[in-house]
file final_19.pdb (PDB, C-alpha atoms, pLDDT in the B column)
ATOM      1  CA  MET W   1       0.000   0.000   0.000  1.00 89.00           C
ATOM      2  CA  THR W   2       1.312   3.423  -0.967  1.00 95.00           C
ATOM      3  CA  VAL W   3       1.929   6.114   1.627  1.00 97.00           C
ATOM      4  CA  HIS W   4       3.097   9.707   1.134  1.00 98.00           C
ATOM      5  CA  LEU W   5       5.169  12.169   3.151  1.00 97.00           C
ATOM      6  CA  LEU W   6       4.042  15.645   4.211  1.00 97.00           C
ATOM      7  CA  LYS W   7       6.589  18.382   4.892  1.00 96.00           C
ATOM      8  CA  LEU W   8       6.559  22.122   5.516  1.00 95.00           C
ATOM      9  CA  CYS W   9       8.366  24.148   2.883  1.00 93.00           C
ATOM     10  CA  VAL W  10       9.974  26.542   5.389  1.00 92.00           C
ATOM     11  CA  GLY W  11      10.986  29.959   4.111  1.00 92.00           C
ATOM     12  CA  VAL W  12       9.263  29.480   0.751  1.00 94.00           C
ATOM     13  CA  ALA W  13       6.245  31.676   0.032  1.00 93.00           C
ATOM     14  CA  SER W  14       5.088  30.250  -3.297  1.00 94.00           C
ATOM     15  CA  VAL W  15       5.267  27.259  -5.614  1.00 94.00           C
ATOM     16  CA  GLU W  16       7.159  29.455  -8.086  1.00 95.00           C
ATOM     17  CA  ARG W  17       9.855  30.124  -5.472  1.00 95.00           C
ATOM     18  CA  LEU W  18      10.153  26.367  -4.748  1.00 95.00           C
ATOM     19  CA  GLU W  19      10.554  25.766  -8.495  1.00 94.00           C
ATOM     20  CA  GLU W  20      13.320  28.353  -8.646  1.00 93.00           C
ATOM     21  CA  ILE W  21      15.197  26.902  -5.654  1.00 92.00           C
ATOM     22  CA  GLN W  22      14.958  23.363  -6.964  1.00 92.00           C
ATOM     23  CA  ARG W  23      15.998  24.380 -10.479  1.00 90.00           C
ATOM     24  CA  ARG W  24      19.235  25.767  -8.990  1.00 88.00           C
ATOM     25  CA  ARG W  25      19.789  22.629  -6.861  1.00 86.00           C
ATOM     26  CA  LEU W  26      19.213  20.351  -9.837  1.00 85.00           C
ATOM     27  CA  GLY W  27      22.095  21.826 -11.800  1.00 69.00           C
ATOM     28  CA  ALA W  28      24.073  19.637 -14.177  1.00 69.00           C
ATOM     29  CA  SER W  29      23.695  16.466 -12.083  1.00 74.00           C
ATOM     30  CA  GLY W  30      20.070  15.966 -13.104  1.00 79.00           C
ATOM     31  CA  ARG W  31      19.323  14.632  -9.597  1.00 88.00           C
ATOM     32  CA  LEU W  32      17.170  16.366  -7.020  1.00 94.00           C
ATOM     33  CA  VAL W  33      17.675  15.334  -3.388  1.00 93.00           C
ATOM     34  CA  HIS W  34      16.071  16.584  -0.177  1.00 93.00           C
ATOM     35  CA  VAL W  35      18.001  15.666   2.988  1.00 92.00           C
ATOM     36  CA  THR W  36      16.211  14.974   6.283  1.00 93.00           C
ATOM     37  CA  ARG W  37      17.385  13.839   9.701  1.00 91.00           C
ATOM     38  CA  GLN W  38      15.188  10.767  10.028  1.00 91.00           C
ATOM     39  CA  THR W  39      14.776   7.837   7.665  1.00 94.00           C
ATOM     40  CA  PRO W  40      11.162   6.772   7.113  1.00 95.00           C
ATOM     41  CA  ARG W  41      10.431   3.307   8.512  1.00 95.00           C
ATOM     42  CA  ARG W  42       7.778   2.837   5.849  1.00 96.00           C
ATOM     43  CA  ALA W  43      10.228   3.339   2.972  1.00 95.00           C
ATOM     44  CA  ALA W  44       8.899   0.392   0.948  1.00 96.00           C
ATOM     45  CA  GLU W  45       5.387   1.885   1.019  1.00 96.00           C
ATOM     46  CA  ILE W  46       6.707   5.316   0.040  1.00 97.00           C
ATOM     47  CA  LEU W  47       8.657   3.868  -2.881  1.00 97.00           C
ATOM     48  CA  ASP W  48       5.462   2.149  -4.067  1.00 96.00           C
ATOM     49  CA  GLY W  49       4.270   5.350  -5.781  1.00 96.00           C
ATOM     50  CA  GLY W  50       4.514   7.805  -2.881  1.00 97.00           C
ATOM     51  CA  SER W  51       5.058  11.543  -3.132  1.00 97.00           C
ATOM     52  CA  LEU W  52       6.379  14.329  -0.944  1.00 98.00           C
ATOM     53  CA  TYR W  53       3.560  16.838  -0.392  1.00 98.00           C
ATOM     54  CA  TRP W  54       4.815  20.363   0.350  1.00 97.00           C
ATOM     55  CA  VAL W  55       2.967  22.727   2.705  1.00 97.00           C
ATOM     56  CA  ILE W  56       3.473  26.296   1.510  1.00 96.00           C
ATOM     57  CA  GLY W  57       1.806  29.192   3.308  1.00 93.00           C
ATOM     58  CA  GLY W  58      -0.330  26.937   5.504  1.00 93.00           C
ATOM     59  CA  HIS W  59      -1.723  24.818   2.640  1.00 94.00           C
ATOM     60  CA  ILE W  60      -0.573  21.746   0.765  1.00 96.00           C
ATOM     61  CA  ARG W  61      -0.015  23.196  -2.696  1.00 96.00           C
ATOM     62  CA  VAL W  62       2.289  20.855  -4.594  1.00 97.00           C
ATOM     63  CA  ARG W  63       3.738  17.355  -4.588  1.00 97.00           C
ATOM     64  CA  GLN W  64       6.769  15.564  -6.003  1.00 97.00           C
ATOM     65  CA  ARG W  65       7.102  11.840  -6.609  1.00 97.00           C
ATOM     66  CA  ILE W  66       9.737  10.178  -4.405  1.00 97.00           C
ATOM     67  CA  THR W  67      11.993   8.054  -6.601  1.00 96.00           C
ATOM     68  CA  GLY W  68      14.479   6.825  -4.009  1.00 96.00           C
ATOM     69  CA  ILE W  69      15.395   6.831  -0.323  1.00 97.00           C
ATOM     70  CA  GLU W  70      19.005   6.557   0.787  1.00 95.00           C
ATOM     71  CA  THR W  71      20.643   6.745   4.205  1.00 94.00           C
ATOM     72  CA  PHE W  72      24.150   8.120   4.601  1.00 94.00           C
ATOM     73  CA  SER W  73      26.460   9.726   7.153  1.00 92.00           C
ATOM     74  CA  ASP W  74      27.365  13.384   6.776  1.00 90.00           C
ATOM     75  CA  ASP W  75      30.843  14.861   7.295  1.00 91.00           C
ATOM     76  CA  ASP W  76      30.310  14.843  11.083  1.00 92.00           C
ATOM     77  CA  GLY W  77      29.302  11.176  11.080  1.00 92.00           C
ATOM     78  CA  ILE W  78      25.616  11.922  11.701  1.00 92.00           C
ATOM     79  CA  ARG W  79      23.155   9.646   9.908  1.00 94.00           C
ATOM     80  CA  ARG W  80      20.901  11.405   7.408  1.00 94.00           C
ATOM     81  CA  CYS W  81      18.307  10.426   4.845  1.00 95.00           C
ATOM     82  CA  ALA W  82      18.266  11.581   1.229  1.00 94.00           C
ATOM     83  CA  LEU W  83      14.867  11.632  -0.454  1.00 96.00           C
ATOM     84  CA  HIS W  84      15.387  11.466  -4.217  1.00 96.00           C
ATOM     85  CA  LEU W  85      12.672  13.508  -5.915  1.00 96.00           C
ATOM     86  CA  ASP W  86      11.266  13.687  -9.410  1.00 95.00           C
ATOM     87  CA  PRO W  87      11.980  17.280 -10.509  1.00 94.00           C
ATOM     88  CA  ALA W  88       8.392  17.671 -11.802  1.00 94.00           C
ATOM     89  CA  LEU W  89       6.191  19.637  -9.403  1.00 95.00           C
ATOM     90  CA  VAL W  90       2.520  18.619  -9.515  1.00 96.00           C
ATOM     91  CA  ARG W  91       0.194  21.295  -8.172  1.00 96.00           C
ATOM     92  CA  THR W  92      -2.607  20.110  -5.911  1.00 95.00           C
ATOM     93  CA  VAL W  93      -5.931  21.464  -4.769  1.00 93.00           C
ATOM     94  CA  PRO W  94      -4.927  23.603  -1.744  1.00 93.00           C
ATOM     95  CA  GLN W  95      -5.581  21.862   1.571  1.00 93.00           C
ATOM     96  CA  ALA W  96      -5.054  23.633   4.898  1.00 93.00           C
ATOM     97  CA  ARG W  97      -2.443  22.179   7.252  1.00 93.00           C
ATOM     98  CA  ARG W  98      -1.169  23.258  10.652  1.00 92.00           C
ATOM     99  CA  PRO W  99       2.579  23.678  11.247  1.00 90.00           C
ATOM    100  CA  HIS W 100       4.588  20.680  12.447  1.00 88.00           C
ATOM    101  CA  GLN W 101       8.238  19.720  12.729  1.00 89.00           C
ATOM    102  CA  GLY W 102       9.907  17.278  10.390  1.00 88.00           C
ATOM    103  CA  TRP W 103       7.728  15.230   8.080  1.00 92.00           C
ATOM    104  CA  ARG W 104       4.542  13.236   8.608  1.00 95.00           C
ATOM    105  CA  TYR W 105       3.070  10.239   6.841  1.00 97.00           C
ATOM    106  CA  LEU W 106       0.069  11.067   4.654  1.00 97.00           C
ATOM    107  CA  ASN W 107      -2.399   8.367   3.645  1.00 96.00           C
ATOM    108  CA  PRO W 108      -3.562   8.536   0.021  1.00 96.00           C
ATOM    109  CA  ALA W 109      -7.176   8.989   1.167  1.00 96.00           C
ATOM    110  CA  ASP W 110      -6.159  12.179   3.022  1.00 96.00           C
ATOM    111  CA  ALA W 111      -4.023  13.627   0.217  1.00 96.00           C
ATOM    112  CA  PRO W 112      -5.427  16.464  -1.885  1.00 96.00           C
ATOM    113  CA  ALA W 113      -6.267  15.822  -5.521  1.00 95.00           C
ATOM    114  CA  ASP W 114      -3.944  16.985  -8.269  1.00 94.00           C
ATOM    115  CA  LEU W 115      -4.907  20.291  -9.830  1.00 89.00           C
ATOM    116  CA  THR W 116      -6.150  19.502 -13.314  1.00 81.00           C
ATOM    117  CA  GLY W 117      -7.125  22.949 -14.531  1.00 69.00           C
ATOM    118  CA  GLY W 118      -9.007  26.065 -13.637  1.00 60.00           C
ATOM    119  CA  ASP W 119      -7.841  29.013 -11.608  1.00 54.00           C
ATOM    120  CA  GLU W 120      -5.752  28.119  -8.564  1.00 58.00           C
ATOM    121  CA  GLY W 121      -6.691  31.452  -6.999  1.00 59.00           C
ATOM    122  CA  ASP W 122     -10.370  30.475  -6.970  1.00 59.00           C
ATOM    123  CA  LEU W 123      -9.460  27.164  -5.330  1.00 61.00           C
ATOM    124  CA  GLU W 124      -7.467  28.959  -2.628  1.00 62.00           C
ATOM    125  CA  ILE W 125     -10.412  31.257  -1.873  1.00 65.00           C
ATOM    126  CA  ALA W 126     -12.751  28.253  -1.708  1.00 62.00           C
ATOM    127  CA  ALA W 127     -10.322  26.459   0.650  1.00 62.00           C
ATOM    128  CA  GLU W 128     -10.168  29.484   2.947  1.00 66.00           C
ATOM    129  CA  LEU W 129     -13.960  29.821   2.977  1.00 63.00           C
ATOM    130  CA  LYS W 130     -14.306  26.130   3.884  1.00 63.00           C
ATOM    131  CA  GLU W 131     -11.730  26.538   6.642  1.00 65.00           C
ATOM    132  CA  LEU W 132     -13.737  29.442   8.073  1.00 68.00           C
ATOM    133  CA  GLY W 133     -16.984  27.461   7.840  1.00 63.00           C
ATOM    134  CA  LEU W 134     -18.459  29.881   5.316  1.00 58.00           C
ATOM    135  CA  TRP W 135     -18.775  27.405   2.450  1.00 52.00           C
TER
END
call {"tool": "encode", "arguments": {"input": "final_19.pdb", "output": "structure tokens"}}
result
Amino acid sequence: MTVHLLKLCVGVASVERLEEIQRRRLGASGRLVHVTRQTPRRAAEILDGGSLYWVIGGHIRVRQRITGIETFSDDDGIRRCALHLDPALVRTVPQARRPHQGWRYLNPADAPADLTGGDEGDLEIAAELKELGLW
């Protein structure tokens, strides 16, 4: 069974800014890696089609498919985890999320749908109205 990861995109105010940062990180290597402190125990489920869902500005707004998970030791000998990501960012229907530290598992049933068209701004307004109980 597939499971996803959920992570705050700290210091990034928009999907466009995340694209810009990742484009610079990608460089000539063609590989995009996000390093975390902890290694997911459910790695096999994540690698079975899982994605990393990014929370930007209090809402899940985009996801990236996780293509690999690798543990390693940094220069200080501290164990780390490298999440290998597909460079393609897939926008999602905005879904409100509270702040948290690190990453969380996200069941597919709780993940927002991919954005397939229409105006993202209208979706954000609708999400805010729902959050306020006005829709």
call {"tool": "atom_distance", "arguments": {"input": "final_19.pdb", "atom1": "atom CA of W:Leu5", "atom2": "atom CA of W:Thr39"}}
result
11.5 Å
call {"tool": "resolve_selection", "arguments": {"input": "final_19.pdb", "expression": "the PyMOL selection byres ((chain W and resi 106) around 7)", "output": "ChimeraX atom specification"}}
result
/W:3-6,104-105,107-108,110-111
call {"tool": "axis_aligned_box", "arguments": {"input": "final_19.pdb", "around": "stretch 18-31 of chain W", "padding_each_side": "8 Å", "output": "lines of an AutoDock Vina configuration file"}}
result
center_x = 17.1
center_y = 21.5
center_z = -9.5
size_x = 29.9
size_y = 29.7
size_z = 25.4
call {"tool": "closest_atom_pairs", "arguments": {"input": "final_19.pdb", "of": "stretch 3-67 of chain W", "to": "stretch 81-97 of chain W", "cutoff": "8 Å", "atoms": "all atoms listed in the file", "output": "tab-separated table"}}
result
residue	atom	partner	partner_atom	distance
W:Glu19	CA	W:Leu89	CA	7.6
W:Gln22	CA	W:Pro87	CA	7.6
W:Leu26	CA	W:Pro87	CA	7.9
W:Arg31	CA	W:His84	CA	7.4
W:Leu32	CA	W:Leu85	CA	5.4
W:Val33	CA	W:His84	CA	4.6
W:His34	CA	W:Leu83	CA	5.1
W:Val35	CA	W:Ala82	CA	4.5
W:Thr36	CA	W:Cys81	CA	5.2
W:Arg37	CA	W:Cys81	CA	6.0
W:Gln38	CA	W:Cys81	CA	6.1
W:Thr39	CA	W:Cys81	CA	5.2
W:Val55	CA	W:Arg97	CA	7.1
W:Gly58	CA	W:Arg97	CA	5.5
W:His59	CA	W:Ala96	CA	4.2
W:Ile60	CA	W:Gln95	CA	5.1
W:Arg61	CA	W:Pro94	CA	5.0
W:Val62	CA	W:Arg91	CA	4.2
W:Arg63	CA	W:Val90	CA	5.2
W:Gln64	CA	W:Leu89	CA	5.3
W:Arg65	CA	W:Asp86	CA	5.3
W:Ile66	CA	W:Leu85	CA	4.7
W:Thr67	CA	W:His84	CA	5.4
call {"tool": "residues_around", "arguments": {"input": "final_19.pdb", "residues": "W:Ala43", "least_positions_apart": "2", "cutoff": "10 Å", "atoms": "all atoms listed in the file", "output": "list in words"}}
result
Thr2, Val3, His4, Thr39, Pro40, Arg41, Glu45, Ile46, Leu47, Asp48, Gly50, Gly68, Ile69 and Glu70 of chain W
call {"tool": "atom_distance", "arguments": {"input": "final_19.pdb", "atom1": "atom CA of W:Glu20", "atom2": "atom CA of W:Trp54"}}
result
14.7 Å
call {"tool": "atom_distance", "arguments": {"input": "final_19.pdb", "atom1": "atom CA of W:Asp75", "atom2": "atom CA of W:His100"}}
result
27.4 Å
call {"tool": "resolve_selection", "arguments": {"input": "final_19.pdb", "expression": "the PyMOL selection byres ((chain W and resi 10) around 10)", "output": "list of chain:residue names"}}
result
W:Lys7, W:Leu8, W:Cys9, W:Gly11, W:Val12, W:Ala13, W:Trp54, W:Val55, W:Ile56, W:Gly57, W:Pro99
call {"tool": "write_last_selection", "arguments": {"input": "final_19.pdb", "atoms": "C-alpha atoms", "output": "PDB file, in the frame of the given file"}}
result
ATOM      1  CA  LYS W   7       6.589  18.382   4.892  1.00 96.00           C
ATOM      2  CA  LEU W   8       6.559  22.122   5.516  1.00 95.00           C
ATOM      3  CA  CYS W   9       8.366  24.148   2.883  1.00 93.00           C
ATOM      4  CA  GLY W  11      10.986  29.959   4.111  1.00 92.00           C
ATOM      5  CA  VAL W  12       9.263  29.480   0.751  1.00 94.00           C
ATOM      6  CA  ALA W  13       6.245  31.676   0.032  1.00 93.00           C
ATOM      7  CA  TRP W  54       4.815  20.363   0.350  1.00 97.00           C
ATOM      8  CA  VAL W  55       2.967  22.727   2.705  1.00 97.00           C
ATOM      9  CA  ILE W  56       3.473  26.296   1.510  1.00 96.00           C
ATOM     10  CA  GLY W  57       1.806  29.192   3.308  1.00 93.00           C
ATOM     11  CA  PRO W  99       2.579  23.678  11.247  1.00 90.00           C
TER      12      PRO W  99
END
call {"tool": "closest_residue", "arguments": {"input": "final_19.pdb", "among": "W:Tyr53, W:Ala44, W:Arg24, W:Gly30", "to": "W:Ala113", "atoms": "all atoms listed in the file"}}
result
W:Tyr53
